[in-house]
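Coordinates from entry10.pdb are shown below (PDB, C-alpha atoms).
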```
ATOM      1  CA  MET A   1      16.667  24.206  23.306
ATOM      2  CA  ASN A   2      15.584  20.609  23.664
ATOM      3  CA  ILE A   3      16.872  19.357  27.049
ATOM      4  CA  ALA A   4      17.008  15.760  25.753
ATOM      5  CA  LYS A   5      19.723  16.803  23.278
ATOM      6  CA  VAL A   6      22.061  18.253  25.948
ATOM      7  CA  PRO A   7      23.597  14.927  27.127
ATOM      8  CA  ALA A   8      24.108  13.841  23.519
ATOM      9  CA  MET A   9      25.822  17.148  22.713
ATOM     10  CA  ASN A  10      28.039  16.858  25.804
ATOM     11  CA  GLY A  11      29.006  13.343  24.693
ATOM     12  CA  LEU A  12      29.847  14.588  21.215
ATOM     13  CA  LEU A  13      31.937  17.448  22.632
ATOM     14  CA  ARG A  14      33.802  15.059  24.961
ATOM     15  CA  GLN A  15      34.402  12.711  22.061
ATOM     16  CA  PHE A  16      35.629  15.512  19.818
ATOM     17  CA  ALA A  17      37.924  16.779  22.610
ATOM     18  CA  SER A  18      39.420  13.294  22.918
ATOM     19  CA  PHE A  19      39.763  13.066  19.120
ATOM     20  CA  PHE A  20      41.422  16.479  19.113
ATOM     21  CA  GLY A  21      43.872  15.452  21.876
ATOM     22  CA  VAL A  22      44.788  12.279  20.014
ATOM     23  CA  GLY A  23      45.113  14.405  16.892
ATOM     24  CA  VAL A  24      47.618  16.688  18.597
ATOM     25  CA  ILE A  25      49.795  13.696  19.453
ATOM     26  CA  ALA A  26      49.445  12.270  15.942
ATOM     27  CA  ALA A  27      50.192  15.715  14.470
ATOM     28  CA  VAL A  28      53.433  15.939  16.459
ATOM     29  CA  VAL A  29      54.483  12.658  14.851
ATOM     30  CA  HIS A  30      53.277  13.787  11.412
ATOM     31  CA  TYR A  31      54.891  17.232  11.565
ATOM     32  CA  GLY A  32      58.039  15.755  13.097
ATOM     33  CA  PHE A  33      58.490  13.520  10.082
ATOM     34  CA  LEU A  34      57.553  16.350   7.705
ATOM     35  CA  ILE A  35      60.000  18.872   9.114
ATOM     36  CA  ALA A  36      62.835  16.382   9.595
ATOM     37  CA  LEU A  37      62.500  14.987   6.086
ATOM     38  CA  VAL A  38      62.288  18.421   4.437
ATOM     39  CA  GLU A  39      64.897  20.229   6.513
ATOM     40  CA  LEU A  40      67.405  17.472   7.251
ATOM     41  CA  PHE A  41      67.079  15.206   4.221
ATOM     42  CA  GLN A  42      65.848  17.690   1.571
ATOM     43  CA  ILE A  43      62.900  15.486   0.618
ATOM     44  CA  GLY A  44      60.060  17.317  -1.134
ATOM     45  CA  ALA A  45      57.264  18.571   1.119
ATOM     46  CA  VAL A  46      54.523  16.516  -0.559
ATOM     47  CA  ILE A  47      56.368  13.193  -0.181
ATOM     48  CA  ALA A  48      57.519  14.123   3.328
ATOM     49  CA  THR A  49      53.989  14.947   4.460
ATOM     50  CA  LEU A  50      52.674  11.648   3.104
ATOM     51  CA  ILE A  51      55.306   9.755   5.097
ATOM     52  CA  GLY A  52      54.374  11.811   8.150
ATOM     53  CA  TYR A  53      50.684  11.125   7.511
ATOM     54  CA  VAL A  54      51.300   7.376   7.696
ATOM     55  CA  GLY A  55      53.283   7.705  10.948
ATOM     56  CA  GLY A  56      50.654   9.950  12.500
ATOM     57  CA  GLY A  57      47.901   7.666  11.219
ATOM     58  CA  ILE A  58      49.293   4.670  13.072
ATOM     59  CA  VAL A  59      49.428   6.664  16.307
ATOM     60  CA  SER A  60      45.925   7.995  15.641
ATOM     61  CA  TYR A  61      44.409   4.541  15.153
ATOM     62  CA  VAL A  62      45.879   3.089  18.318
ATOM     63  CA  LEU A  63      44.906   6.030  20.520
ATOM     64  CA  ASN A  64      41.460   6.682  19.017
ATOM     65  CA  GLU A  65      40.549   3.022  19.169
ATOM     66  CA  ARG A  66      41.393   2.974  22.875
ATOM     67  CA  HIS A  67      40.346   6.439  24.060
ATOM     68  CA  THR A  68      37.953   8.252  21.726
ATOM     69  CA  TYR A  69      35.353   5.920  20.327
ATOM     70  CA  SER A  70      33.374   3.313  22.220
ATOM     71  CA  ARG A  71      33.956   0.683  19.625
ATOM     72  CA  ALA A  72      30.907  -1.289  18.527
ATOM     73  CA  ARG A  73      32.960  -3.194  15.946
ATOM     74  CA  SER A  74      35.688  -5.772  16.376
ATOM     75  CA  HIS A  75      39.302  -4.703  15.954
ATOM     76  CA  ALA A  76      39.379  -6.387  12.536
ATOM     77  CA  ALA A  77      36.181  -4.645  11.367
ATOM     78  CA  ALA A  78      37.232  -1.248  12.710
ATOM     79  CA  GLY A  79      40.791  -1.628  11.372
ATOM     80  CA  TRP A  80      39.966  -1.941   7.682
ATOM     81  CA  ARG A  81      37.389   0.827   7.981
ATOM     82  CA  PHE A  82      39.948   3.078   9.674
ATOM     83  CA  ALA A  83      42.416   2.274   6.879
ATOM     84  CA  LEU A  84      39.845   3.207   4.232
ATOM     85  CA  VAL A  85      39.067   6.547   5.902
ATOM     86  CA  ALA A  86      42.810   7.135   6.318
ATOM     87  CA  ALA A  87      43.348   6.357   2.628
ATOM     88  CA  VAL A  88      40.840   9.078   1.687
ATOM     89  CA  GLY A  89      42.615  11.435   4.111
ATOM     90  CA  PHE A  90      45.927  10.452   2.502
ATOM     91  CA  GLY A  91      44.485  11.366  -0.909
ATOM     92  CA  LEU A  92      43.139  14.655   0.422
ATOM     93  CA  THR A  93      46.532  15.415   1.960
ATOM     94  CA  TYR A  94      48.307  14.634  -1.315
ATOM     95  CA  GLY A  95      45.905  16.721  -3.393
ATOM     96  CA  LEU A  96      45.779  19.707  -1.070
ATOM     97  CA  MET A  97      49.522  19.809  -0.414
ATOM     98  CA  THR A  98      50.261  19.493  -4.137
ATOM     99  CA  LEU A  99      47.870  22.357  -4.841
ATOM    100  CA  PHE A 100      49.053  24.574  -1.988
ATOM    101  CA  VAL A 101      52.815  23.976  -2.166
ATOM    102  CA  GLU A 102      53.574  23.142  -5.779
ATOM    103  CA  ARG A 103      50.927  25.146  -7.580
ATOM    104  CA  TRP A 104      50.141  28.079  -5.283
ATOM    105  CA  MET A 105      53.638  28.203  -3.729
ATOM    106  CA  ILE A 106      52.343  28.486  -0.163
ATOM    107  CA  PRO A 107      55.102  27.723   2.393
ATOM    108  CA  TYR A 108      54.882  24.040   3.275
ATOM    109  CA  LEU A 109      54.167  24.455   7.003
ATOM    110  CA  LEU A 110      51.300  26.892   6.392
ATOM    111  CA  ALA A 111      49.983  24.586   3.674
ATOM    112  CA  GLN A 112      50.170  21.676   6.102
ATOM    113  CA  LEU A 113      48.243  23.592   8.777
ATOM    114  CA  ILE A 114      45.417  24.322   6.324
ATOM    115  CA  THR A 115      45.445  20.736   5.088
ATOM    116  CA  THR A 116      45.414  19.393   8.647
ATOM    117  CA  ALA A 117      42.306  21.428   9.507
ATOM    118  CA  ILE A 118      40.415  20.132   6.477
ATOM    119  CA  VAL A 119      41.447  16.504   6.981
ATOM    120  CA  LEU A 120      40.676  16.745  10.732
ATOM    121  CA  VAL A 121      37.009  17.522  10.092
ATOM    122  CA  TRP A 122      36.719  14.785   7.444
ATOM    123  CA  SER A 123      38.421  12.211   9.668
ATOM    124  CA  PHE A 124      36.421  12.914  12.829
ATOM    125  CA  PHE A 125      33.046  12.385  11.238
ATOM    126  CA  ALA A 126      34.135   9.547   8.957
ATOM    127  CA  HIS A 127      35.658   7.615  11.865
ATOM    128  CA  LYS A 128      32.709   8.362  14.146
ATOM    129  CA  ILE A 129      30.165   7.136  11.623
ATOM    130  CA  PHE A 130      32.058   4.568   9.557
ATOM    131  CA  SER A 131      35.133   3.241  11.365
ATOM    132  CA  PHE A 132      34.013   2.927  14.964
ATOM    133  CA  GLY A 133      30.269   3.645  14.718
ATOM    134  CA  GLU A 134      27.557   1.391  15.953
ATOM    135  CA  ARG A 135      26.251  -1.269  13.619
ATOM    136  CA  ARG A 136      22.677  -0.727  12.582
ATOM    137  CA  SER A 137      20.275  -3.536  13.354
ATOM    138  CA  GLN A 138      18.985  -5.574  10.437
ATOM    139  CA  ALA A 139      15.397  -5.274  11.663
ATOM    140  CA  GLY A 140      12.983  -2.621  10.451
TER     141      GLY A 140
END
```

As structure tokens, how would this structure be written, given the file I've shared?
Amino acid sequence: MNIAKVPAMNGLLRQFASFFGVGVIAAVVHYGFLIALVELFQIGAVIATLIGYVGGGIVSYVLNERHTYSRARSHAAAGWRFALVAAVGFGLTYGLMTLFVERWMIPYLLAQLITTAIVLVWSFFAHKIFSFGERRSQAG
């Protein structure tokens, strides 16, 4: 094992742990909306999860911007990038939940857990690289 890579790996693990913690908080918001809308208001699971995704996404941006990523971009530059990554996650959530719940008839909470795991991996790396990542120098 290359010793020079150990600090970088520790930094990545710390960053992922922070991202995961923020994700838990955002997921509570997301799942709270999902369950309340389905169980209390009889809204379809796909629409309810998309509403929850937006609520959780707002929480996720605020907390990740402050606690997870050492932001190399301005708030304005990171914000639109975060929104773009979130829009892809929104599309993934829509597609996966439609497939799992409406086509494969998987119970909506199980479908949401599977969807959350997939979107979590996409979001972590997309935000790390694209939303909050360091700008590359123009030289060389």

Between atom CA of His127 of chain A and atom CA of Phe82 of chain A, what is the spacing in Å?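 Value for the atom CA of Phe82 of chain A-atom CA of His127 of chain A distance: 6.6 Å.
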
Closest of A:Ala87, A:Asn64, A:Thr49, A:His75 to Phe124 of chain A - atom-to-atom distances counting only C-alpha atoms: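 With only C-alpha atoms as the atom set, the closest residue is A:Asn64.
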
Might you pull out every residue within 9 Å of segment 33-39 of chain A, with only C-alpha atoms counted and same-chain residues fewer than 5 positions away left off, and present them as a list in words?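 Here the qualifying residues turn out to be Val28, Gly44, Ala45, Val46, Ile47, Ala48, Thr49, Leu50, Ile51, Gly52, Tyr53, Gly55, Gly56 and Leu109 of chain A.
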
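With atom CA of Gly133 of chain A on one side and atom CA of Tyr69 of chain A on the other, the separation reads 7.9 Å.
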
Apply the PyMOL selection byres ((chain A and resi 89) around 10) to the file shown and report the selected residues as a ChimeraX atom specification. /A:53,57,83-88,90-95,115-116,118-120,122-123,126

Between atom CA of His30 of chain A and atom CA of Ile106 of chain A, what distance in Å does the model show, to one decimal?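 The value is 18.7 Å.
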
Find the residues near Ala77 of chain A: any atom within 9 Å, counting only C-alpha atoms, skip ones fewer than 4 places away on the same chain, and give them as number ranges by chain. A: 73, 81-82, 131-132

Identify which of the residues A:Thr98, A:Lys128, A:Gly79, A:Tyr108 lies closest to Val62 of chain A, counting all atoms listed in the file when measuring atom-to-atom distances.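 Under the stated criterion, the closest residue is A:Gly79.
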
Leu63 of chain A environment, 10 Å, all atoms listed in the file, sequence neighbours closer than 2 positions dropped, as a PDB file with C-alpha atoms, in the coordinates of the input:
```pdb
ATOM      1  CA  SER A  18      39.420  13.294  22.918  1.00  0.00           C
ATOM      2  CA  PHE A  19      39.763  13.066  19.120  1.00  0.00           C
ATOM      3  CA  GLY A  21      43.872  15.452  21.876  1.00  0.00           C
ATOM      4  CA  VAL A  22      44.788  12.279  20.014  1.00  0.00           C
ATOM      5  CA  GLY A  23      45.113  14.405  16.892  1.00  0.00           C
ATOM      6  CA  ILE A  25      49.795  13.696  19.453  1.00  0.00           C
ATOM      7  CA  ALA A  26      49.445  12.270  15.942  1.00  0.00           C
ATOM      8  CA  GLY A  57      47.901   7.666  11.219  1.00  0.00           C
ATOM      9  CA  ILE A  58      49.293   4.670  13.072  1.00  0.00           C
ATOM     10  CA  VAL A  59      49.428   6.664  16.307  1.00  0.00           C
ATOM     11  CA  SER A  60      45.925   7.995  15.641  1.00  0.00           C
ATOM     12  CA  TYR A  61      44.409   4.541  15.153  1.00  0.00           C
ATOM     13  CA  GLU A  65      40.549   3.022  19.169  1.00  0.00           C
ATOM     14  CA  ARG A  66      41.393   2.974  22.875  1.00  0.00           C
ATOM     15  CA  HIS A  67      40.346   6.439  24.060  1.00  0.00           C
ATOM     16  CA  THR A  68      37.953   8.252  21.726  1.00  0.00           C
ATOM     17  CA  TYR A  69      35.353   5.920  20.327  1.00  0.00           C
TER      18      TYR A  69
END
```

Option closest in space to Phe125 of chain A, from A:Ser74, A:Asn10, A:Phe41, A:Phe16 [counting only C-alpha atoms]: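 Among the listed residues, the smallest separation from Phe125 of chain A belongs to A:Phe16.
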